[in-house]
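Below is one structure; the comments refer to it alone.
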2 protein chains.
Amino acid sequence: MTLPLQGVRIVDFTIMMQGPHATQMLADLGADVIKVERPYLPGSRPEIRYGEHGGYGRTPEDSTFAPATFLAHNRNKKSIRVDLRQEKGKEIVRRLITTADVVYQNFRPGVLARLGFGYEACCQINPSVIYASATGYGPEGPYADKPGQDLLAQALGGFDAINAGADGRPLAIGFSISDLMGAVYGAFGVLAALYHRQLTGEGQQVNVSLLDSTVAALSEVAVHVLNTGREPHRGTPMHACAYMAPPYGIYRTKDGYITISGGHKLADLSKVLGLPNLADDPRFDTYAKRDANRAEMEAIIERALGDRTTAEWLPLMADADLWAAPVQTLAEVFSDPQVLHNGMVVTVDGPFGPLRLPGVPYKLSKTPARIRTAPPLLGQHTEEILKAIGYDEAAIGALENEGVI
Amino acid sequence: MTLPLQGVRIVDFTIMMQGPHATQMLADLGADVIKVERPYLPGSRPEIRYGEHGGYGRTPEDSTFAPATFLAHNRNKKSIRVDLRQEKGKEIVRRLITTADVVYQNFRPGVLARLGFGYEACCQINPSVIYASATGYGPEGPYADKPGQDLLAQALGGFDAINAGADGRPLAIGFSISDLMGAVYGAFGVLAALYHRQLTGEGQQVNVSLLDSTVAALSEVAVHVLNTGREPHRGTPMHACAYMAPPYGIYRTKDGYITISGGHKLADLSKVLGLPNLADDPRFDTYAKRDANRAEMEAIIERALGDRTTAEWLPLMADADLWAAPVQTLAEVFSDPQVLHNGMVVTVDGPFGPLRLPGVPYKLSKTPARIRTAPPLLGQHTEEILKAIGYDEAAIGALENEGVI
C-alpha cells in the first residue's frame, strides 16, 4: 500500500527524544529517514549496541531507561554511521543532503552550523531544502544558549504548575510530555512545509522549541489565565482539573479507582450512588458552590463509592448514561480490548527478538501510516546508503579503514 | 504572506475541544475553516453569545470555564449557523461540501451519518473529500458507543497511572491533554491526507480517537512497560518521572521551587550545594542505588537547597553548567521574556475587546502560521458564506424567515 510520504527523504541528525520522535512520525508516514549517527565511542561494544543506548533486554547499570529512549523514537528509520568531524564524513553528508527534502536536527543552536551543516550551508547544497531545528527555547532570545530538556521546559512552561496536586507542590507530568509536544508540533510544521514545497518548490526553515510547545499545549489553560489572570489550583486529591467543579474527578472505590466526568447529571449520579439529590443540597446547588465546597461534596461521593468495586459501579453508571471509566494501570491499558482492537500495540522483529511498540493513533483509510521496521542497529544501513549515493565497495572499504564510517 | 494551506477549505462540524482544536491548527496554517454551528437555542441570547458558550468576560453562573473552551479552539475560523435538521439546511451544507477539501467532525460514531453527512454521503457529494472523524475510542470495537471525553480517556489510556503522585493515588494530568493529543494527531493525519491528495487527487477517511492518542503519547513509557512489564511508580514528592533516579526532580528552595535534570553531573551538583560528593556516597554511588535510596538522597538535596532562594541558586547552577530551571506559575510563564520573545502570547481584536491567545509553536520561516482573526461570533459569516456558494439576498432572507439559518 502507498504511504503518504513515500519518496520524501529526511536526513536526520536528531538525538534523544524531541527530534527523533518527530522524524519517526514522518517515517511512520513513509518518509525515507536516514539517521546520521556517530561512530563507535572508544570502549563501546558495538556488537551489542542497539542504536546509541544499548540493547533492549540489556540494562547497563547506569541506563535502565536509556534503551527505551532509543527504541521509542527510531522505528522505520535507517542508520548510517559517519564521523562528522572528518572531511570525508562531511562529504558523505553533503551528498546525502543533495538527495534530501528535509534536514531535521535538534542540537543546541549553532552546533550543527559549526560542523558545516547550518541552514545556509544546506541551502548551498540543496536550495529547496526544508531545514527543521528543534531546540529548548528557540534559536534566539534570552534563553537561546541555555540547556534545553524536558523537565526544565515543563517547569518553565507551566506544566508543573497546572499539574500541582492538592498540597500545592508543583508536580511534573510523569513522562516526557514537553519533548513529545515539541516532536509532534515539529513534525506538523515540517509536514506543512512539505505541502507548501510540493505546490511551489520552495523550501524553508522550521523552528520548534520545548518551551513554545509546552506553552501552546496549555491551550485552554493559557486562554483562561491570559484573560482572567486567575492562577489554577487543585484543592483535593480527587480534583482532576483546576477549572472543573465536582463531581468531575477521580474517586476511590472498594477496590480501586473510578473517574467521573459529565457533572451535568448530578441528580442521576446521586440516585445511582444511593444519595439524596446533591443538586438540591444548598451546599452544592450551583456550580460555584460545588467548586467552593468541593472537599465536602467529594468526600460524600467517595464514601458512597466505597460500597462497591469499580467493576460493579461501571455498569450501574452506564445504565444511567453517566460518564465514568475505570482508572487503568499501564498493564491494563496494554491489554485493554479497545486498545488492542485499534492496533495500538504492534510487534516488530528486532535484532534481539520481538519488540512491542505503541501503534499509530491517526488512521488513514487508504494510505495508513504503519510500523514497517524495528529501530535500526547503529550503522545498520551505512553500506546500503553509501552505495545508493555513489560510493563503490572499494571507496566504502577505504572510508571504513580511515574511521570515517 | 502566503500561508501553507491557503486555498484549502474545511467544513468543520466539530464541538468542544478534540475536533475544534484540530481544525484550528489547520486554520492557523491558512485553511479556510467554516464552522457549521447550530441555530439559536430557544431562550438563548444570541446578541451576547460568543460562539457556543457565552462571551469571554461574561461568566454565566454554571460555565465559568466554558468561554475559554470556545475561545481556545476556534480562532482563524468562520462561523455559519445552519439548522441541519431541515432539508434546506442540509442543502446548504451539501453545497459547502461540494467546495470543500476536508470535512472534520467529532460527534459520536454514526451521529453525523444519521443527519446525512457520513463519509459515503460526503463522497457522493465530493468524491475526493478527506473525511476526518475524531471520537472517544474509534469507530468500531467494544467501546465505540461509549461516551468519550478527556478525563475518561486519561483514565483508560494510562495518563492517571503514569501521573500518580507519591501516595500512589492516580492523578489526572491537570488539563485536557487527551483532547489536545487527539487534536494534534488528527490535524497531523489530515495534513498527511492533504499531501497525498495533492499528489494523487485521492481523498480518504482519517480516524483518530482520544484513547489511541493517549496511548500513543505514552511513547517511551509504552515501550518500557510493553517490553519489561514494570509498572511505573513515583516514590516521593520530588520524583518527577518514574524511570529517572535523583537528582532529577523538583525541590523546595528557601522561597519556592527549582527543578533539576541532568543527573550525570552529581559531583558538580554536590559542590554547588556545599555537600560532600554524593557520587562517592555508598548509598548513592550507582544509578540503581540512587533510585532505591531516593527518599534519603532527595531529602539531603532539598535540605541544602533550603538555604537560598530559587533566584540565588539559578546562577550558581548555571555557572557549574548544571541543568536547572525555576518552576514558574502560569502568570510567570506568560510574562517570561523568552515566551514573549517567541511570540507565544498574541493579542487579537475580539468583539468584546482585546483577546489574548497562545501563539503558534512551530515557526515556518517563509509561510508562518499566524493568528489572523478572533474566534467568530455565532453565525458571524452566515451571509458571506451563503453568498459565496450562490445564495442571493432574497434566498438568504427566506432561509432566515424559515429558521434555517
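Here's how to read the names in the C-alpha cells: chain A, B, ... by the order shown, residue numbers from 1 in each chain, ligand numbers from 1 in the order shown.
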inquiry  = Neighbouring residues of range 259-261 of chain A were defined as those with any atom within 7 Å, considering only C-alpha atoms; residues of the same chain fewer than 4 positions away were excluded. Please report them as JSON, numbers by chain.
reply    = {"A": [247, 248, 249, 250, 251, 323, 324, 325, 326, 327], "B": [151, 152, 155]}
Write the residues of the selection above to a file with C-alpha atoms, as an mmCIF file, in the first residue's frame.
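Final output, part.cif:
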```cif
data_model
loop_
_atom_site.group_PDB
_atom_site.id
_atom_site.type_symbol
_atom_site.label_atom_id
_atom_site.label_comp_id
_atom_site.auth_asym_id
_atom_site.auth_seq_id
_atom_site.Cartn_x
_atom_site.Cartn_y
_atom_site.Cartn_z
ATOM 1 C CA PRO A 247 -18.238 15.514 40.636
ATOM 2 C CA TYR A 248 -15.618 15.763 37.820
ATOM 3 C CA GLY A 249 -12.691 13.852 39.330
ATOM 4 C CA ILE A 250 -11.111 10.579 40.408
ATOM 5 C CA TYR A 251 -12.518 8.649 43.367
ATOM 6 C CA TRP A 323 -19.838 9.258 32.144
ATOM 7 C CA ALA A 324 -17.404 7.141 34.090
ATOM 8 C CA ALA A 325 -14.371 4.966 33.440
ATOM 9 C CA PRO A 326 -12.015 2.715 35.347
ATOM 10 C CA VAL A 327 -8.598 4.129 36.133
ATOM 11 C CA LEU B 151 -10.993 12.667 31.680
ATOM 12 C CA LEU B 152 -12.266 9.209 30.747
ATOM 13 C CA ALA B 155 -8.069 7.182 32.985
#
```
remark   = Judged by only C-alpha atoms, the minimum distance to chain A among B:Gly136, B:Pro282, B:Gly235, B:Pro147 is found for B:Pro147
request  = To one decimal in Å, tell me the separation between CA of Thr14 in chain B and CA of Glu384 in chain B.
outcome  = 20.4 Å
inquiry  = Among range 127-230 of chain A, which residues does DSSP mark as strand (DSSP E) when it is run on the backbone? Keep the chain and numbering as in the structure and answer as a VMD selection string.
reply    = chain A and resid 130 to 135 205 to 209
message = Residues near Lys90 in chain A, anyone? I mean within 12 Å using only C-alpha atoms, not counting same-chain ones fewer than 2 positions away, as number ranges by chain.
response = A: 36, 81-88, 92-97, 112, 114-117, 121-122, 125, 399, 404-405
Can I get the selected residues back with N, CA and C atoms, as a PDB file, in the first residue's frame?
```pdb
ATOM      1  N   VAL A  36      21.676   9.948  10.933  1.00  0.00           N
ATOM      2  CA  VAL A  36      23.126  10.074  10.872  1.00  0.00           C
ATOM      3  C   VAL A  36      23.667   9.962  12.293  1.00  0.00           C
ATOM      4  N   ARG A  81      26.435   5.464   9.977  1.00  0.00           N
ATOM      5  CA  ARG A  81      27.391   5.888  10.999  1.00  0.00           C
ATOM      6  C   ARG A  81      28.493   6.673  10.300  1.00  0.00           C
ATOM      7  N   VAL A  82      28.596   7.938  10.625  1.00  0.00           N
ATOM      8  CA  VAL A  82      29.569   8.807   9.943  1.00  0.00           C
ATOM      9  C   VAL A  82      30.241   9.721  10.956  1.00  0.00           C
ATOM     10  N   ASP A  83      31.530   9.883  10.815  1.00  0.00           N
ATOM     11  CA  ASP A  83      32.241  10.833  11.667  1.00  0.00           C
ATOM     12  C   ASP A  83      32.189  12.215  11.007  1.00  0.00           C
ATOM     13  N   LEU A  84      31.376  13.079  11.580  1.00  0.00           N
ATOM     14  CA  LEU A  84      31.153  14.403  11.001  1.00  0.00           C
ATOM     15  C   LEU A  84      32.338  15.327  11.171  1.00  0.00           C
ATOM     16  N   ARG A  85      33.281  14.939  12.019  1.00  0.00           N
ATOM     17  CA  ARG A  85      34.436  15.814  12.231  1.00  0.00           C
ATOM     18  C   ARG A  85      35.462  15.653  11.107  1.00  0.00           C
ATOM     19  N   GLN A  86      35.372  14.551  10.363  1.00  0.00           N
ATOM     20  CA  GLN A  86      36.326  14.322   9.269  1.00  0.00           C
ATOM     21  C   GLN A  86      35.759  14.854   7.943  1.00  0.00           C
ATOM     22  N   GLU A  87      36.662  15.381   7.131  1.00  0.00           N
ATOM     23  CA  GLU A  87      36.226  15.971   5.850  1.00  0.00           C
ATOM     24  C   GLU A  87      35.505  14.944   4.971  1.00  0.00           C
ATOM     25  N   LYS A  88      35.997  13.705   4.978  1.00  0.00           N
ATOM     26  CA  LYS A  88      35.336  12.687   4.144  1.00  0.00           C
ATOM     27  C   LYS A  88      33.953  12.325   4.688  1.00  0.00           C
ATOM     28  N   ILE A  92      30.244  12.820   2.682  1.00  0.00           N
ATOM     29  CA  ILE A  92      29.133  11.855   2.628  1.00  0.00           C
ATOM     30  C   ILE A  92      27.813  12.562   2.952  1.00  0.00           C
ATOM     31  N   VAL A  93      27.847  13.367   4.010  1.00  0.00           N
ATOM     32  CA  VAL A  93      26.614  14.038   4.444  1.00  0.00           C
ATOM     33  C   VAL A  93      26.176  15.060   3.399  1.00  0.00           C
ATOM     34  N   ARG A  94      27.155  15.748   2.779  1.00  0.00           N
ATOM     35  CA  ARG A  94      26.785  16.690   1.713  1.00  0.00           C
ATOM     36  C   ARG A  94      26.057  15.961   0.581  1.00  0.00           C
ATOM     37  N   ARG A  95      26.578  14.796   0.205  1.00  0.00           N
ATOM     38  CA  ARG A  95      25.906  14.051  -0.869  1.00  0.00           C
ATOM     39  C   ARG A  95      24.492  13.635  -0.450  1.00  0.00           C
ATOM     40  N   LEU A  96      24.372  13.232   0.824  1.00  0.00           N
ATOM     41  CA  LEU A  96      23.045  12.838   1.314  1.00  0.00           C
ATOM     42  C   LEU A  96      22.071  14.014   1.238  1.00  0.00           C
ATOM     43  N   ILE A  97      22.543  15.180   1.645  1.00  0.00           N
ATOM     44  CA  ILE A  97      21.667  16.355   1.665  1.00  0.00           C
ATOM     45  C   ILE A  97      21.250  16.754   0.247  1.00  0.00           C
ATOM     46  N   LEU A 112      25.308  22.457  14.854  1.00  0.00           N
ATOM     47  CA  LEU A 112      25.406  21.821  13.543  1.00  0.00           C
ATOM     48  C   LEU A 112      25.983  22.788  12.504  1.00  0.00           C
ATOM     49  N   ARG A 114      28.333  24.874  13.102  1.00  0.00           N
ATOM     50  CA  ARG A 114      29.792  24.819  13.273  1.00  0.00           C
ATOM     51  C   ARG A 114      30.383  23.577  12.614  1.00  0.00           C
ATOM     52  N   LEU A 115      29.607  22.529  12.472  1.00  0.00           N
ATOM     53  CA  LEU A 115      30.072  21.335  11.761  1.00  0.00           C
ATOM     54  C   LEU A 115      29.904  21.482  10.257  1.00  0.00           C
ATOM     55  N   GLY A 116      29.356  22.627   9.819  1.00  0.00           N
ATOM     56  CA  GLY A 116      29.223  22.870   8.385  1.00  0.00           C
ATOM     57  C   GLY A 116      27.847  22.558   7.819  1.00  0.00           C
ATOM     58  N   PHE A 117      26.860  22.326   8.692  1.00  0.00           N
ATOM     59  CA  PHE A 117      25.547  21.964   8.182  1.00  0.00           C
ATOM     60  C   PHE A 117      24.427  22.808   8.779  1.00  0.00           C
ATOM     61  N   ALA A 121      24.359  26.729   4.830  1.00  0.00           N
ATOM     62  CA  ALA A 121      25.217  25.742   4.169  1.00  0.00           C
ATOM     63  C   ALA A 121      24.368  24.682   3.463  1.00  0.00           C
ATOM     64  N   CYS A 122      23.303  24.237   4.114  1.00  0.00           N
ATOM     65  CA  CYS A 122      22.453  23.211   3.499  1.00  0.00           C
ATOM     66  C   CYS A 122      21.731  23.765   2.276  1.00  0.00           C
ATOM     67  N   ILE A 125      23.921  23.573  -0.657  1.00  0.00           N
ATOM     68  CA  ILE A 125      23.965  22.209  -1.188  1.00  0.00           C
ATOM     69  C   ILE A 125      22.663  21.881  -1.923  1.00  0.00           C
ATOM     70  N   LEU A 399      36.892   4.159   3.454  1.00  0.00           N
ATOM     71  CA  LEU A 399      36.274   5.006   4.491  1.00  0.00           C
ATOM     72  C   LEU A 399      36.247   4.284   5.836  1.00  0.00           C
ATOM     73  N   VAL A 404      36.139   6.801   9.082  1.00  0.00           N
ATOM     74  CA  VAL A 404      35.127   7.812   8.741  1.00  0.00           C
ATOM     75  C   VAL A 404      33.731   7.257   8.995  1.00  0.00           C
ATOM     76  N   ILE A 405      33.592   5.947   8.706  1.00  0.00           N
ATOM     77  CA  ILE A 405      32.283   5.313   8.925  1.00  0.00           C
ATOM     78  C   ILE A 405      32.435   4.116   9.875  1.00  0.00           C
TER      79      ILE A 405
END
```
